[in-house]
$ cat data38.txt   # compact mmCIF, C-alpha atoms
# COMPACT_ATOMS: atom_id res chain seq x y z
CA MET S 1 291.91 97.76 36.17
CA ILE S 2 289.62 94.79 36.70
CA GLN S 3 290.39 92.95 39.91
CA GLU S 4 288.60 90.05 41.56
CA LEU S 5 288.92 89.33 45.26
CA ILE S 6 289.56 85.65 45.95
CA SER S 7 288.23 84.42 49.26
CA SER S 8 287.28 81.13 50.84
CA SER S 9 286.17 79.82 54.20
CA LYS S 10 289.31 77.64 54.01
CA VAL S 11 291.58 80.71 54.00
CA PRO S 12 292.16 83.14 56.88
CA LEU S 13 290.73 86.61 56.35
CA ALA S 14 293.11 89.49 55.78
CA ASN S 15 293.84 91.24 59.06
CA GLY S 16 294.51 94.76 57.82
CA PRO S 17 294.07 97.04 54.81
CA PHE S 18 295.03 94.47 52.15
CA SER S 19 293.51 91.59 50.21
CA SER S 20 294.59 88.02 50.89
CA ALA S 21 294.44 87.24 47.17
CA LEU S 22 293.51 89.06 43.98
CA ARG S 23 293.00 87.92 40.43
CA SER S 24 293.54 90.26 37.49
CA GLY S 25 293.06 88.48 34.18
CA ASP S 26 295.09 85.29 34.32
CA PHE S 27 297.37 86.60 37.08
CA ILE S 28 296.82 85.58 40.71
CA TYR S 29 298.61 87.46 43.50
CA LEU S 30 298.63 86.04 47.01
CA SER S 31 299.64 88.22 49.93
CA GLY S 32 302.07 86.76 52.43
CA GLN S 33 300.26 83.84 54.01
CA LEU S 34 300.83 83.22 57.69
CA PRO S 35 300.42 79.88 59.48
CA ILE S 36 296.91 80.77 60.60
CA ASP S 37 294.28 78.10 61.08
CA PRO S 38 291.30 79.29 58.99
CA ASP S 39 288.80 77.77 61.45
CA SER S 40 290.09 79.41 64.61
CA GLY S 41 291.86 82.44 63.13
CA ASN S 42 294.79 81.66 65.42
CA LEU S 43 298.42 80.97 64.65
CA VAL S 44 299.02 77.21 64.60
CA GLU S 45 301.16 75.91 67.41
CA GLY S 46 304.25 74.00 66.48
CA ASP S 47 307.69 74.17 64.97
CA ILE S 48 308.75 75.57 61.60
CA LYS S 49 307.62 72.43 59.75
CA VAL S 50 304.11 72.61 61.21
CA GLN S 51 303.87 76.32 60.43
CA THR S 52 305.24 75.90 56.90
CA GLU S 53 302.76 73.12 56.17
CA ARG S 54 299.88 75.36 57.32
CA VAL S 55 301.10 78.27 55.16
CA LEU S 56 301.40 76.06 52.07
CA ASN S 57 297.97 74.55 52.75
CA ASN S 58 296.55 78.09 52.95
CA ILE S 59 298.11 78.94 49.58
CA ASN S 60 296.73 75.74 48.07
CA ASN S 61 293.26 76.51 49.47
CA VAL S 62 293.26 79.93 47.78
CA LEU S 63 294.20 78.33 44.47
CA GLU S 64 291.62 75.55 44.82
CA GLU S 65 288.93 78.20 45.29
CA ILE S 66 289.46 79.20 41.65
CA GLY S 67 290.08 75.69 40.34
CA LEU S 68 293.88 75.77 40.34
CA ASN S 69 296.58 73.94 42.26
CA MET S 70 300.17 74.51 43.32
CA SER S 71 301.52 73.66 39.84
CA TYR S 72 300.28 77.08 38.65
CA VAL S 73 302.56 78.94 41.09
CA LEU S 74 305.46 80.61 39.28
CA LYS S 75 307.12 82.56 42.10
CA THR S 76 307.20 82.58 45.88
CA THR S 77 308.89 84.72 48.46
CA VAL S 78 309.61 83.03 51.79
CA TYR S 79 310.12 85.17 54.87
CA LEU S 80 311.83 83.39 57.77
CA LYS S 81 312.36 84.56 61.30
CA LYS S 82 315.43 82.29 61.45
CA ILE S 83 317.37 81.54 58.27
CA ASP S 84 318.61 78.35 59.96
CA ASP S 85 315.05 77.00 59.45
CA LEU S 86 315.46 76.95 55.66
CA GLN S 87 316.29 73.23 55.43
CA ALA S 88 313.16 72.32 57.41
CA VAL S 89 311.09 74.66 55.22
CA ASN S 90 312.53 72.97 52.12
CA GLU S 91 311.47 69.57 53.47
CA GLU S 92 307.85 70.76 53.61
CA TYR S 93 308.12 72.79 50.40
CA VAL S 94 308.92 69.75 48.23
CA LYS S 95 305.77 68.03 49.54
CA HIS S 96 303.65 70.79 47.97
CA PHE S 97 305.60 71.73 44.83
CA LYS S 98 306.93 69.48 42.10
CA ASN S 99 309.73 69.95 39.60
CA PRO S 100 310.02 72.40 37.93
CA PHE S 101 309.75 74.27 41.20
CA PRO S 102 308.55 77.87 41.27
CA THR S 103 311.23 80.54 41.30
CA ARG S 104 311.82 81.69 44.85
CA SER S 105 313.43 84.27 47.06
CA VAL S 106 314.14 83.64 50.73
CA VAL S 107 314.50 86.52 53.16
CA SER S 108 315.45 86.44 56.82
CA VAL S 109 313.48 89.01 58.82
CA SER S 110 313.65 90.18 62.41
CA ASP S 111 309.97 89.57 63.11
CA LEU S 112 306.72 88.44 61.50
CA PRO S 113 303.10 89.24 62.36
CA MET S 114 301.56 87.32 65.25
CA GLY S 115 304.96 85.87 66.16
CA ALA S 116 304.96 83.52 63.16
CA LEU S 117 308.14 81.72 62.16
CA VAL S 118 307.37 81.81 58.42
CA GLN S 119 305.32 83.74 55.89
CA ILE S 120 305.08 82.96 52.16
CA GLU S 121 303.68 85.08 49.36
CA ALA S 122 302.98 83.64 45.92
CA PHE S 123 302.31 84.60 42.33
CA ALA S 124 300.44 82.23 40.02
CA ILE S 125 299.13 82.34 36.48
CA ASP S 126 296.06 80.56 35.13
CA THR S 127 297.19 78.93 31.88
CA ARG S 128 294.17 76.62 31.50
CA ALA S 129 292.87 78.39 28.36
CA LEU S 130 296.24 77.96 26.62
CA GLU S 131 296.49 74.37 27.84
CA LEU S 132 293.08 73.62 26.30
CA LEU S 133 294.10 75.24 23.03
CA CYS S 134 297.32 73.25 22.91
CA ALA S 135 295.50 70.01 23.76
CA GLN S 136 293.04 70.60 20.91
CA ASP S 137 295.93 71.11 18.49
CA SER S 138 297.80 68.03 19.74
CA CYS S 139 300.85 69.91 20.97
CA VAL S 140 303.46 67.76 22.56
CA SER S 141 304.01 70.34 25.28
CA CYS S 142 302.45 73.72 26.05
CA ASN S 143 306.00 74.85 26.75
CA ASP S 144 306.91 74.11 23.13
CA ILE S 145 307.66 77.42 21.43
CA TYR S 146 306.85 75.76 18.11
CA CYS S 147 303.38 74.72 19.21
CA GLU S 148 301.18 73.81 16.23
CA THR S 149 298.70 76.48 17.30
CA LYS S 150 300.99 79.01 15.59
CA LEU S 151 300.06 81.68 18.09
CA ASP S 152 301.25 85.09 16.98
CA ILE S 153 303.13 86.22 20.09
CA GLN S 154 305.25 88.88 18.42
$ encode --input "data38.txt" --output "structure tokens"
Amino acid sequence: MIQELISSSKVPLANGPFSSALRSGDFIYLSGQLPIDPDSGNLVEGDIKVQTERVLNNINNVLEEIGLNMSYVLKTTVYLKKIDDLQAVNEEYVKHFKNPFPTRSVVSVSDLPMGALVQIEAFAIDTRALELLCAQDSCVSCNDIYCETKLDIQ
């Protein structure tokens, strides 16, 4: 399988035997991102909102490295040390994602690495080639199953 490691000076390095982010074809897999400051390598100090913002910024930085943004994220999994923090996480989440929001699972865990309050993993897909094709064929929407491109998807 062809895999490409995605890395950036704006994203903390993986601290263990795993990759922070991999691309395989149009699929982008991001390991659980912690609220680590990429400059210092340390966990950011602050409450759940501060930590969630840092995590989401880290995810965005990975995507920007390959020319994407948060709108390409299809699925996230949010790991919370305290499920009671979900409302505060949601308040930060909507600042980074727009409707239609990615699908999501939320899991309460007993502990997270480095004492973090939150960790988020993400899955994205690079649809830019299809978007370009649809734009050239004047599709109303790339979500339109009856796109004029008449792609044979059967």
$ atom_distance --input "data38.txt" --atom1 "CA of Pro102 in chain S" --atom2 "CA of Thr77 in chain S"
9.9 Å
$ atom_distance --input "data38.txt" --atom1 "CA of Cys134 in chain S" --atom2 "CA of Phe101 in chain S"
22.1 Å
$ atom_distance --input "data38.txt" --atom1 "CA of Pro100 in chain S" --atom2 "CA of Ser71 in chain S"
8.8 Å
$ closest_atom_pairs --input "data38.txt" --of "range 87-143 of chain S" --to "range 20-33 of chain S" --cutoff "8 Å" --atoms "all atoms listed in the file" --output "tab-separated table"
residue	atom	partner	partner_atom	distance
S:Gln119	CA	S:Gln33	CA	5.4
S:Ile120	CA	S:Gly32	CA	4.9
S:Glu121	CA	S:Gly32	CA	3.9
S:Ala122	CA	S:Leu30	CA	5.1
S:Phe123	CA	S:Tyr29	CA	4.8
S:Ala124	CA	S:Ile28	CA	5.0
S:Ile125	CA	S:Phe27	CA	4.6
S:Asp126	CA	S:Asp26	CA	4.9
S:Thr127	CA	S:Asp26	CA	7.1
$ closest_atom_pairs --input "data38.txt" --of "range 16-53 of chain S" --to "range 79-88 of chain S" --cutoff "9 Å" --atoms "only C-alpha atoms" --output "Markdown table"
| residue | atom | partner | partner_atom | distance |
| --- | --- | --- | --- | --- |
| S:Gly32 | CA | S:Tyr79 | CA | 8.6 |
| S:Ile48 | CA | S:Asp85 | CA | 6.8 |
| S:Lys49 | CA | S:Ala88 | CA | 6.0 |
| S:Thr52 | CA | S:Ala88 | CA | 8.7 |
$ residues_around --input "data38.txt" --residues "Leu63 in chain S" --least-positions-apart "4" --cutoff "9 Å" --atoms "only C-alpha atoms" --output "list in words"
Ile6, Ile28, Asn58, Ile59, Gly67, Leu68, Asn69, Met70, Tyr72 and Ala124 of chain S
$ closest_residue --input "data38.txt" --among "S:Leu132, S:Pro35, S:Met114, S:Val73" --to "Asn60 in chain S" --atoms "only C-alpha atoms"
S:Val73
